[in-house]
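The structure appears below as structure tokens.
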2 protein chains.
Amino acid sequence: MSASTKLSTAVKALCLIAEDNNSPKTSTVISTRTGVNASKLRMLLSMLAKSGIVNSGKGSKGGFILNKDPKDIHLQEIYCSIEDRKAFHLDVQKFLGHHLSIPVQINNYFLDLFAEIQVDIEDKMKKISLQSIIDKLEK
Amino acid sequence: MSASTKLSTAVKALCLIAEDNNSPKTSTVISTRTGVNASKLRMLLSMLAKSGIVNSGKGSKGGFILNKDPKDIHLQEIYCSIEDRKAFHLDVQKFLGHHLSIPVQINNYFLDLFAEIQVDIEDKMKKISLQSIIDKLEK
DNA sequence: CTTATTTGTTATAGTTACTGTAACAAATTA
DNA sequence: TAATTTGTTACAGTAACTATAACAAATAAG
């Protein structure tokens, strides 16, 4: 599952949970509504639980609820919870040349550039709250 | 080869070609200096040739030369020449629900967001010329 | 206490995608 | 005619991803 698919899947799940935050939603219910496998959802949601975005409960009254107001949940936060890998997978090919060779210097140049792009993307995502996405859906 | 690896590899090749644009450089020579397989370089460079960034010549005096001033070659142009796939591979998972279901709406939301990010990245790349990269190497 | 439910995590089998290389026709030069 | 080099296709090997299954641990209910 790519970083961007994970992100959109997580947001789908969070929107469904937000519909009624009084009754926990199980991974099975979310799976039925989103078409995403329940195991996979549990993997994503357990990561969101670890970073305090949702609460999870086991057993017959178990499931997932939001642990924060949707106004206070931002895309960047969700993204960082579910994605270890730096960035949207912007990489360069390693080359074992000496320090001042062109390939090595270009690698460093692009590592810097891709890091900058990553920051830009995360800044953009910091400005987007879960609530703002929910508002757009209700239109 | 990921989009970003392709891009940095192409720039490496172009920088080496730019060193002396009077004598064409063969894929074998560029391969030796970059550590990238010659066949793969030919694939990349043939795409750059199709979009007019380099000229290629076959035979014993053949090889690749730049077809433009490095000041007039921009990263975005290089990127678009070598990459069919839209963007840095930002995707969402398809879901066959009805038109107004949350998963479908979220998919559309993220497709728009990722398209916006793609435009941001390309705008950034439009401002970077091959010459500006070469200048940084000579420092 | 036992049974049912649900998360959290690991494992697994099947498939897809990527990687590096080879191979060779077509074009060019000598 | 022979040597060189691009441009393109093919291919085998490997790595990565996908979807699902499986099950221990925790919780709730009867």
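Letters A, B, ... go to the chains of the structure tokens in the order shown; residues in each chain start at 1; ligands are counted from 1 in the same order.
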Superposition output for chain A against chain B, all Cα paired in order, as a short mmCIF file (atom, residue, chain, number, x, y, z; two decimals) with N, CA and C atoms, in the first residue's frame:
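The file below, result12.cif, is the result:
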```
data_model
loop_
_atom_site.label_atom_id
_atom_site.label_comp_id
_atom_site.auth_asym_id
_atom_site.auth_seq_id
_atom_site.Cartn_x
_atom_site.Cartn_y
_atom_site.Cartn_z
N MET A 1 12.91 1.57 -11.82
CA MET A 1 13.55 2.85 -11.47
C MET A 1 12.46 3.86 -11.14
N SER A 2 12.52 4.40 -9.95
CA SER A 2 11.46 5.34 -9.54
C SER A 2 11.61 6.66 -10.29
N ALA A 3 10.55 7.43 -10.27
CA ALA A 3 10.54 8.71 -10.96
C ALA A 3 11.70 9.59 -10.51
N SER A 4 11.94 9.61 -9.21
CA SER A 4 12.97 10.49 -8.69
C SER A 4 14.37 10.00 -9.04
N THR A 5 14.56 8.67 -9.08
CA THR A 5 15.85 8.12 -9.49
C THR A 5 16.11 8.41 -10.97
N LYS A 6 15.07 8.24 -11.78
CA LYS A 6 15.21 8.57 -13.20
C LYS A 6 15.65 10.01 -13.37
N LEU A 7 14.99 10.89 -12.63
CA LEU A 7 15.29 12.32 -12.77
C LEU A 7 16.75 12.61 -12.41
N SER A 8 17.19 12.08 -11.29
CA SER A 8 18.57 12.39 -10.88
C SER A 8 19.58 11.73 -11.82
N THR A 9 19.26 10.53 -12.31
CA THR A 9 20.14 9.88 -13.27
C THR A 9 20.24 10.70 -14.56
N ALA A 10 19.10 11.17 -15.05
CA ALA A 10 19.11 11.98 -16.27
C ALA A 10 19.95 13.23 -16.07
N VAL A 11 19.83 13.86 -14.91
CA VAL A 11 20.60 15.09 -14.67
C VAL A 11 22.09 14.78 -14.59
N LYS A 12 22.45 13.65 -13.97
CA LYS A 12 23.86 13.25 -13.94
C LYS A 12 24.40 13.15 -15.36
N ALA A 13 23.65 12.43 -16.21
CA ALA A 13 24.09 12.25 -17.59
C ALA A 13 24.24 13.60 -18.30
N LEU A 14 23.24 14.46 -18.11
CA LEU A 14 23.28 15.76 -18.79
C LEU A 14 24.45 16.61 -18.32
N CYS A 15 24.78 16.54 -17.03
CA CYS A 15 25.92 17.30 -16.52
C CYS A 15 27.23 16.81 -17.13
N LEU A 16 27.36 15.49 -17.26
CA LEU A 16 28.58 14.95 -17.86
C LEU A 16 28.67 15.35 -19.33
N ILE A 17 27.55 15.29 -20.04
CA ILE A 17 27.55 15.70 -21.44
C ILE A 17 27.92 17.18 -21.56
N ALA A 18 27.44 17.97 -20.63
CA ALA A 18 27.67 19.42 -20.69
C ALA A 18 29.14 19.79 -20.47
N GLU A 19 29.90 18.88 -19.88
CA GLU A 19 31.32 19.17 -19.61
C GLU A 19 32.07 19.60 -20.87
N ASP A 20 31.78 18.91 -21.97
CA ASP A 20 32.37 19.29 -23.26
C ASP A 20 31.39 18.92 -24.35
N ASN A 21 30.62 19.90 -24.76
CA ASN A 21 29.52 19.63 -25.68
C ASN A 21 29.98 19.52 -27.14
N ASN A 22 31.29 19.59 -27.39
CA ASN A 22 31.79 19.46 -28.75
C ASN A 22 32.01 18.01 -29.15
N SER A 23 32.40 17.19 -28.14
CA SER A 23 32.58 15.77 -28.46
C SER A 23 31.47 14.96 -27.80
N PRO A 24 30.72 14.24 -28.62
CA PRO A 24 29.61 13.43 -28.12
C PRO A 24 30.09 12.39 -27.12
N LYS A 25 29.28 12.17 -26.08
CA LYS A 25 29.61 11.13 -25.10
C LYS A 25 28.73 9.91 -25.34
N THR A 26 29.37 8.74 -25.35
CA THR A 26 28.61 7.50 -25.56
C THR A 26 28.00 7.02 -24.25
N SER A 27 26.99 6.17 -24.39
CA SER A 27 26.34 5.61 -23.21
C SER A 27 27.33 4.82 -22.36
N THR A 28 28.33 4.21 -23.03
CA THR A 28 29.34 3.43 -22.30
C THR A 28 30.16 4.33 -21.38
N VAL A 29 30.59 5.48 -21.93
CA VAL A 29 31.37 6.42 -21.13
C VAL A 29 30.56 6.94 -19.93
N ILE A 30 29.32 7.32 -20.21
CA ILE A 30 28.46 7.84 -19.14
C ILE A 30 28.20 6.76 -18.10
N SER A 31 28.05 5.52 -18.58
CA SER A 31 27.83 4.39 -17.68
C SER A 31 29.00 4.22 -16.71
N THR A 32 30.21 4.29 -17.26
CA THR A 32 31.41 4.13 -16.43
C THR A 32 31.47 5.21 -15.35
N ARG A 33 31.15 6.43 -15.74
CA ARG A 33 31.27 7.54 -14.80
C ARG A 33 30.14 7.61 -13.78
N THR A 34 28.96 7.09 -14.14
CA THR A 34 27.82 7.20 -13.22
C THR A 34 27.49 5.91 -12.49
N GLY A 35 27.98 4.78 -13.03
CA GLY A 35 27.62 3.50 -12.41
C GLY A 35 26.24 3.02 -12.83
N VAL A 36 25.62 3.71 -13.78
CA VAL A 36 24.30 3.29 -14.28
C VAL A 36 24.49 2.47 -15.54
N ASN A 37 23.75 1.38 -15.66
CA ASN A 37 23.84 0.49 -16.81
C ASN A 37 23.62 1.25 -18.13
N ALA A 38 24.47 0.91 -19.13
CA ALA A 38 24.46 1.64 -20.40
C ALA A 38 23.13 1.52 -21.13
N SER A 39 22.50 0.35 -21.09
CA SER A 39 21.19 0.17 -21.74
C SER A 39 20.17 1.11 -21.13
N LYS A 40 20.19 1.17 -19.82
CA LYS A 40 19.24 2.01 -19.11
C LYS A 40 19.46 3.48 -19.46
N LEU A 41 20.72 3.86 -19.54
CA LEU A 41 21.04 5.23 -19.92
C LEU A 41 20.53 5.54 -21.32
N ARG A 42 20.71 4.58 -22.22
CA ARG A 42 20.24 4.81 -23.59
C ARG A 42 18.73 4.99 -23.62
N MET A 43 18.02 4.22 -22.80
CA MET A 43 16.56 4.37 -22.72
C MET A 43 16.20 5.78 -22.26
N LEU A 44 16.86 6.25 -21.21
CA LEU A 44 16.57 7.59 -20.70
C LEU A 44 16.93 8.65 -21.73
N LEU A 45 18.15 8.51 -22.29
CA LEU A 45 18.64 9.54 -23.21
C LEU A 45 17.85 9.57 -24.52
N SER A 46 17.32 8.41 -24.93
CA SER A 46 16.53 8.42 -26.17
C SER A 46 15.23 9.20 -25.94
N MET A 47 14.74 9.17 -24.71
CA MET A 47 13.54 9.97 -24.40
C MET A 47 13.88 11.46 -24.38
N LEU A 48 15.04 11.78 -23.83
CA LEU A 48 15.48 13.18 -23.83
C LEU A 48 15.72 13.67 -25.27
N ALA A 49 16.14 12.74 -26.14
CA ALA A 49 16.36 13.11 -27.55
C ALA A 49 15.02 13.41 -28.22
N LYS A 50 14.01 12.58 -27.91
CA LYS A 50 12.69 12.78 -28.52
C LYS A 50 12.08 14.13 -28.15
N SER A 51 12.38 14.60 -26.96
CA SER A 51 11.82 15.90 -26.57
C SER A 51 12.81 17.04 -26.84
N GLY A 52 13.86 16.75 -27.61
CA GLY A 52 14.73 17.83 -28.10
C GLY A 52 15.73 18.38 -27.11
N ILE A 53 15.95 17.69 -26.00
CA ILE A 53 16.92 18.16 -25.01
C ILE A 53 18.34 17.78 -25.42
N VAL A 54 18.49 16.58 -25.98
CA VAL A 54 19.80 16.16 -26.50
C VAL A 54 19.67 15.75 -27.96
N ASN A 55 20.81 15.69 -28.63
CA ASN A 55 20.89 15.08 -29.95
C ASN A 55 21.67 13.78 -29.82
N SER A 56 21.25 12.76 -30.56
CA SER A 56 21.98 11.51 -30.50
C SER A 56 22.50 11.17 -31.89
N GLY A 57 23.67 10.53 -31.94
CA GLY A 57 24.24 10.11 -33.21
C GLY A 57 24.73 8.68 -33.11
N LYS A 58 24.45 7.91 -34.15
CA LYS A 58 24.89 6.51 -34.16
C LYS A 58 26.26 6.40 -34.82
N GLY A 59 26.87 5.25 -34.68
CA GLY A 59 28.14 4.98 -35.35
C GLY A 59 29.35 5.40 -34.56
N SER A 60 30.49 5.32 -35.21
CA SER A 60 31.76 5.44 -34.50
C SER A 60 32.02 6.84 -33.93
N LYS A 61 31.47 7.86 -34.51
CA LYS A 61 31.61 9.21 -33.93
C LYS A 61 30.32 9.60 -33.20
N GLY A 62 29.55 8.59 -32.87
CA GLY A 62 28.24 8.85 -32.27
C GLY A 62 28.28 9.11 -30.78
N GLY A 63 27.10 9.27 -30.23
CA GLY A 63 26.96 9.55 -28.81
C GLY A 63 25.92 10.65 -28.61
N PHE A 64 25.98 11.29 -27.43
CA PHE A 64 24.96 12.28 -27.09
C PHE A 64 25.59 13.66 -26.84
N ILE A 65 24.95 14.69 -27.39
CA ILE A 65 25.32 16.07 -27.04
C ILE A 65 24.05 16.85 -26.68
N LEU A 66 24.23 17.94 -25.97
CA LEU A 66 23.09 18.79 -25.63
C LEU A 66 22.59 19.49 -26.88
N ASN A 67 21.29 19.67 -26.95
CA ASN A 67 20.68 20.35 -28.09
C ASN A 67 20.22 21.77 -27.71
N LYS A 68 20.50 22.15 -26.46
CA LYS A 68 20.06 23.45 -25.95
C LYS A 68 21.11 23.97 -24.99
N ASP A 69 21.08 25.24 -24.77
CA ASP A 69 21.91 25.84 -23.73
C ASP A 69 21.42 25.36 -22.36
N PRO A 70 22.35 24.95 -21.48
CA PRO A 70 21.94 24.49 -20.14
C PRO A 70 21.07 25.50 -19.40
N LYS A 71 21.18 26.76 -19.75
CA LYS A 71 20.33 27.79 -19.13
C LYS A 71 18.87 27.58 -19.51
N ASP A 72 18.66 26.97 -20.67
CA ASP A 72 17.30 26.82 -21.19
C ASP A 72 16.73 25.42 -21.00
N ILE A 73 17.43 24.60 -20.21
CA ILE A 73 16.90 23.27 -19.89
C ILE A 73 16.47 23.30 -18.43
N HIS A 74 15.21 22.99 -18.18
CA HIS A 74 14.70 23.04 -16.81
C HIS A 74 14.33 21.65 -16.31
N LEU A 75 14.39 21.50 -15.01
CA LEU A 75 14.10 20.20 -14.40
C LEU A 75 12.73 19.65 -14.79
N GLN A 76 11.76 20.52 -14.83
CA GLN A 76 10.41 20.06 -15.13
C GLN A 76 10.34 19.44 -16.53
N GLU A 77 11.06 20.07 -17.45
CA GLU A 77 11.14 19.59 -18.82
C GLU A 77 11.78 18.19 -18.88
N ILE A 78 12.85 18.03 -18.14
CA ILE A 78 13.53 16.74 -18.07
C ILE A 78 12.59 15.70 -17.48
N TYR A 79 11.99 16.08 -16.37
CA TYR A 79 11.07 15.18 -15.66
C TYR A 79 9.94 14.70 -16.58
N CYS A 80 9.32 15.65 -17.30
CA CYS A 80 8.20 15.28 -18.16
C CYS A 80 8.64 14.42 -19.35
N SER A 81 9.88 14.57 -19.77
CA SER A 81 10.37 13.76 -20.89
C SER A 81 10.52 12.30 -20.52
N ILE A 82 10.90 12.05 -19.29
CA ILE A 82 11.26 10.67 -18.92
C ILE A 82 10.17 9.96 -18.13
N GLU A 83 9.11 10.69 -17.79
CA GLU A 83 8.11 10.09 -16.90
C GLU A 83 6.72 10.22 -17.49
N ASP A 84 6.11 9.08 -17.84
CA ASP A 84 4.73 9.08 -18.32
C ASP A 84 3.79 9.27 -17.14
N ARG A 85 3.97 8.38 -16.21
CA ARG A 85 3.14 8.29 -15.02
C ARG A 85 2.93 9.67 -14.42
N LYS A 86 1.70 10.01 -14.19
CA LYS A 86 1.40 11.29 -13.56
C LYS A 86 2.09 11.34 -12.20
N ALA A 87 2.79 12.39 -11.98
CA ALA A 87 3.26 12.75 -10.66
C ALA A 87 4.23 11.77 -10.03
N PHE A 88 4.55 12.03 -8.82
CA PHE A 88 5.42 11.16 -8.05
C PHE A 88 4.60 10.03 -7.46
N HIS A 89 3.75 9.44 -8.29
CA HIS A 89 3.04 8.23 -7.92
C HIS A 89 2.16 8.44 -6.69
N LEU A 90 1.32 9.44 -6.75
CA LEU A 90 0.40 9.67 -5.65
C LEU A 90 -0.95 9.08 -6.04
N ASP A 91 -1.34 8.01 -5.38
CA ASP A 91 -2.56 7.34 -5.82
C ASP A 91 -3.54 7.10 -4.67
N VAL A 92 -4.72 6.67 -5.02
CA VAL A 92 -5.72 6.29 -4.01
C VAL A 92 -6.27 4.94 -4.39
N GLN A 93 -6.88 4.25 -3.43
CA GLN A 93 -7.43 2.95 -3.72
C GLN A 93 -8.84 3.09 -4.29
N LYS A 94 -9.06 2.44 -5.40
CA LYS A 94 -10.38 2.46 -6.03
C LYS A 94 -11.41 1.79 -5.13
N PHE A 95 -12.63 2.27 -5.20
CA PHE A 95 -13.72 1.65 -4.44
C PHE A 95 -14.99 1.77 -5.26
N LEU A 96 -15.68 0.64 -5.44
CA LEU A 96 -16.87 0.65 -6.28
C LEU A 96 -18.13 0.87 -5.44
N GLY A 97 -18.21 2.00 -4.80
CA GLY A 97 -19.42 2.32 -4.05
C GLY A 97 -20.28 3.25 -4.87
N HIS A 98 -21.40 3.68 -4.32
CA HIS A 98 -22.19 4.62 -5.12
C HIS A 98 -21.59 6.01 -5.01
N HIS A 99 -22.09 6.86 -5.85
CA HIS A 99 -21.47 8.14 -6.13
C HIS A 99 -21.25 9.01 -4.91
N LEU A 100 -22.16 8.95 -3.96
CA LEU A 100 -22.08 9.87 -2.81
C LEU A 100 -21.54 9.21 -1.55
N SER A 101 -21.06 7.96 -1.67
CA SER A 101 -20.52 7.29 -0.48
C SER A 101 -19.25 8.00 -0.04
N ILE A 102 -18.98 7.91 1.25
CA ILE A 102 -17.79 8.59 1.80
C ILE A 102 -16.50 8.12 1.11
N PRO A 103 -16.28 6.81 0.94
CA PRO A 103 -15.02 6.40 0.29
C PRO A 103 -14.83 7.03 -1.08
N VAL A 104 -15.88 7.08 -1.87
CA VAL A 104 -15.76 7.65 -3.22
C VAL A 104 -15.46 9.15 -3.13
N GLN A 105 -16.14 9.84 -2.23
CA GLN A 105 -15.91 11.28 -2.09
C GLN A 105 -14.49 11.56 -1.59
N ILE A 106 -14.02 10.73 -0.66
CA ILE A 106 -12.65 10.92 -0.15
C ILE A 106 -11.63 10.64 -1.25
N ASN A 107 -11.89 9.62 -2.05
CA ASN A 107 -11.00 9.36 -3.19
C ASN A 107 -10.88 10.60 -4.07
N ASN A 108 -12.03 11.18 -4.40
CA ASN A 108 -12.00 12.37 -5.25
C ASN A 108 -11.26 13.52 -4.57
N TYR A 109 -11.51 13.66 -3.28
CA TYR A 109 -10.82 14.71 -2.53
C TYR A 109 -9.31 14.55 -2.66
N PHE A 110 -8.82 13.33 -2.47
CA PHE A 110 -7.36 13.11 -2.48
C PHE A 110 -6.80 13.16 -3.90
N LEU A 111 -7.57 12.73 -4.87
CA LEU A 111 -7.09 12.87 -6.25
C LEU A 111 -6.86 14.34 -6.55
N ASP A 112 -7.77 15.20 -6.11
CA ASP A 112 -7.59 16.64 -6.29
C ASP A 112 -6.37 17.15 -5.54
N LEU A 113 -6.26 16.74 -4.27
CA LEU A 113 -5.14 17.20 -3.45
C LEU A 113 -3.80 16.77 -4.05
N PHE A 114 -3.73 15.51 -4.49
CA PHE A 114 -2.47 15.00 -5.03
C PHE A 114 -2.15 15.70 -6.36
N ALA A 115 -3.17 16.04 -7.12
CA ALA A 115 -2.94 16.78 -8.36
C ALA A 115 -2.37 18.16 -8.05
N GLU A 116 -2.90 18.77 -7.01
CA GLU A 116 -2.40 20.08 -6.57
C GLU A 116 -0.93 19.99 -6.16
N ILE A 117 -0.61 18.95 -5.40
CA ILE A 117 0.77 18.75 -4.96
C ILE A 117 1.68 18.56 -6.16
N GLN A 118 1.18 17.80 -7.13
CA GLN A 118 1.94 17.58 -8.35
C GLN A 118 2.27 18.90 -9.05
N VAL A 119 1.29 19.77 -9.13
CA VAL A 119 1.49 21.08 -9.75
C VAL A 119 2.54 21.87 -8.97
N ASP A 120 2.44 21.83 -7.65
CA ASP A 120 3.42 22.53 -6.81
C ASP A 120 4.84 22.05 -7.10
N ILE A 121 4.99 20.72 -7.19
CA ILE A 121 6.31 20.14 -7.42
C ILE A 121 6.83 20.57 -8.80
N GLU A 122 5.96 20.50 -9.78
CA GLU A 122 6.40 20.88 -11.14
C GLU A 122 6.74 22.36 -11.22
N ASP A 123 5.99 23.19 -10.52
CA ASP A 123 6.31 24.62 -10.49
C ASP A 123 7.70 24.85 -9.91
N LYS A 124 7.98 24.10 -8.86
CA LYS A 124 9.30 24.21 -8.24
C LYS A 124 10.38 23.82 -9.24
N MET A 125 10.13 22.75 -9.98
CA MET A 125 11.13 22.24 -10.92
C MET A 125 11.29 23.15 -12.14
N LYS A 126 10.23 23.88 -12.46
CA LYS A 126 10.33 24.81 -13.60
C LYS A 126 11.35 25.91 -13.33
N LYS A 127 11.55 26.21 -12.07
CA LYS A 127 12.44 27.32 -11.72
C LYS A 127 13.90 26.91 -11.64
N ILE A 128 14.18 25.63 -11.85
CA ILE A 128 15.56 25.13 -11.72
C ILE A 128 16.12 24.76 -13.09
N SER A 129 17.17 25.46 -13.52
CA SER A 129 17.79 25.15 -14.81
C SER A 129 18.97 24.21 -14.61
N LEU A 130 19.31 23.49 -15.67
CA LEU A 130 20.49 22.63 -15.63
C LEU A 130 21.73 23.45 -15.30
N GLN A 131 21.79 24.66 -15.87
CA GLN A 131 22.95 25.52 -15.61
C GLN A 131 23.10 25.81 -14.11
N SER A 132 21.99 26.05 -13.44
CA SER A 132 22.07 26.38 -12.01
C SER A 132 22.61 25.20 -11.20
N ILE A 133 22.32 23.99 -11.65
CA ILE A 133 22.85 22.80 -10.97
C ILE A 133 24.36 22.69 -11.26
N ILE A 134 24.74 22.90 -12.52
CA ILE A 134 26.16 22.85 -12.88
C ILE A 134 26.96 23.87 -12.08
N ASP A 135 26.39 25.07 -11.93
CA ASP A 135 27.08 26.12 -11.17
C ASP A 135 27.34 25.68 -9.74
N LYS A 136 26.37 25.00 -9.16
CA LYS A 136 26.54 24.54 -7.78
C LYS A 136 27.64 23.51 -7.67
N LEU A 137 27.81 22.69 -8.70
CA LEU A 137 28.84 21.64 -8.67
C LEU A 137 30.24 22.25 -8.69
N GLU A 138 30.39 23.37 -9.40
CA GLU A 138 31.73 23.93 -9.59
C GLU A 138 32.22 24.68 -8.35
N LYS A 139 31.29 24.96 -7.46
CA LYS A 139 31.67 25.67 -6.23
C LYS A 139 32.72 24.91 -5.43
#
```
Hey, which bits of chain C sit within 12 Å of chain A, and for each residue what's the closest pair of atoms and how far apart in Å (one decimal), counting only C-alpha atoms (C1' of nucleotides), rows by chain and increasing number, as a tab-separated table?
```
residue	atom	partner	partner_atom	distance
C:DT3	C1'	A:Ser60	CA	11.5
C:DA4	C1'	A:Ser60	CA	7.5
C:DT5	C1'	A:Ser60	CA	4.4
C:DT6	C1'	A:Gly59	CA	4.7
C:DT7	C1'	A:Lys58	CA	5.1
C:DG8	C1'	A:Ser46	CA	7.1
C:DT9	C1'	A:Met43	CA	8.3
C:DT10	C1'	A:Met43	CA	11.4
```
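A straight line drawn from C1' of DA12 in chain D to C1' of DG20 in chain C is 10.1 Å long.
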According to DSSP computed on the backbone, where in range 14-106 of chain A is there strand (DSSP E)? Give the residues as number ranges by chain. A: 54-57, 63-66
Could you tell me which residues of chain D sit within 7 Å of chain B when counting only C-alpha atoms (C1' of nucleotides), and give me the result as a list in words? DT4, DT5 and DT6 of chain D
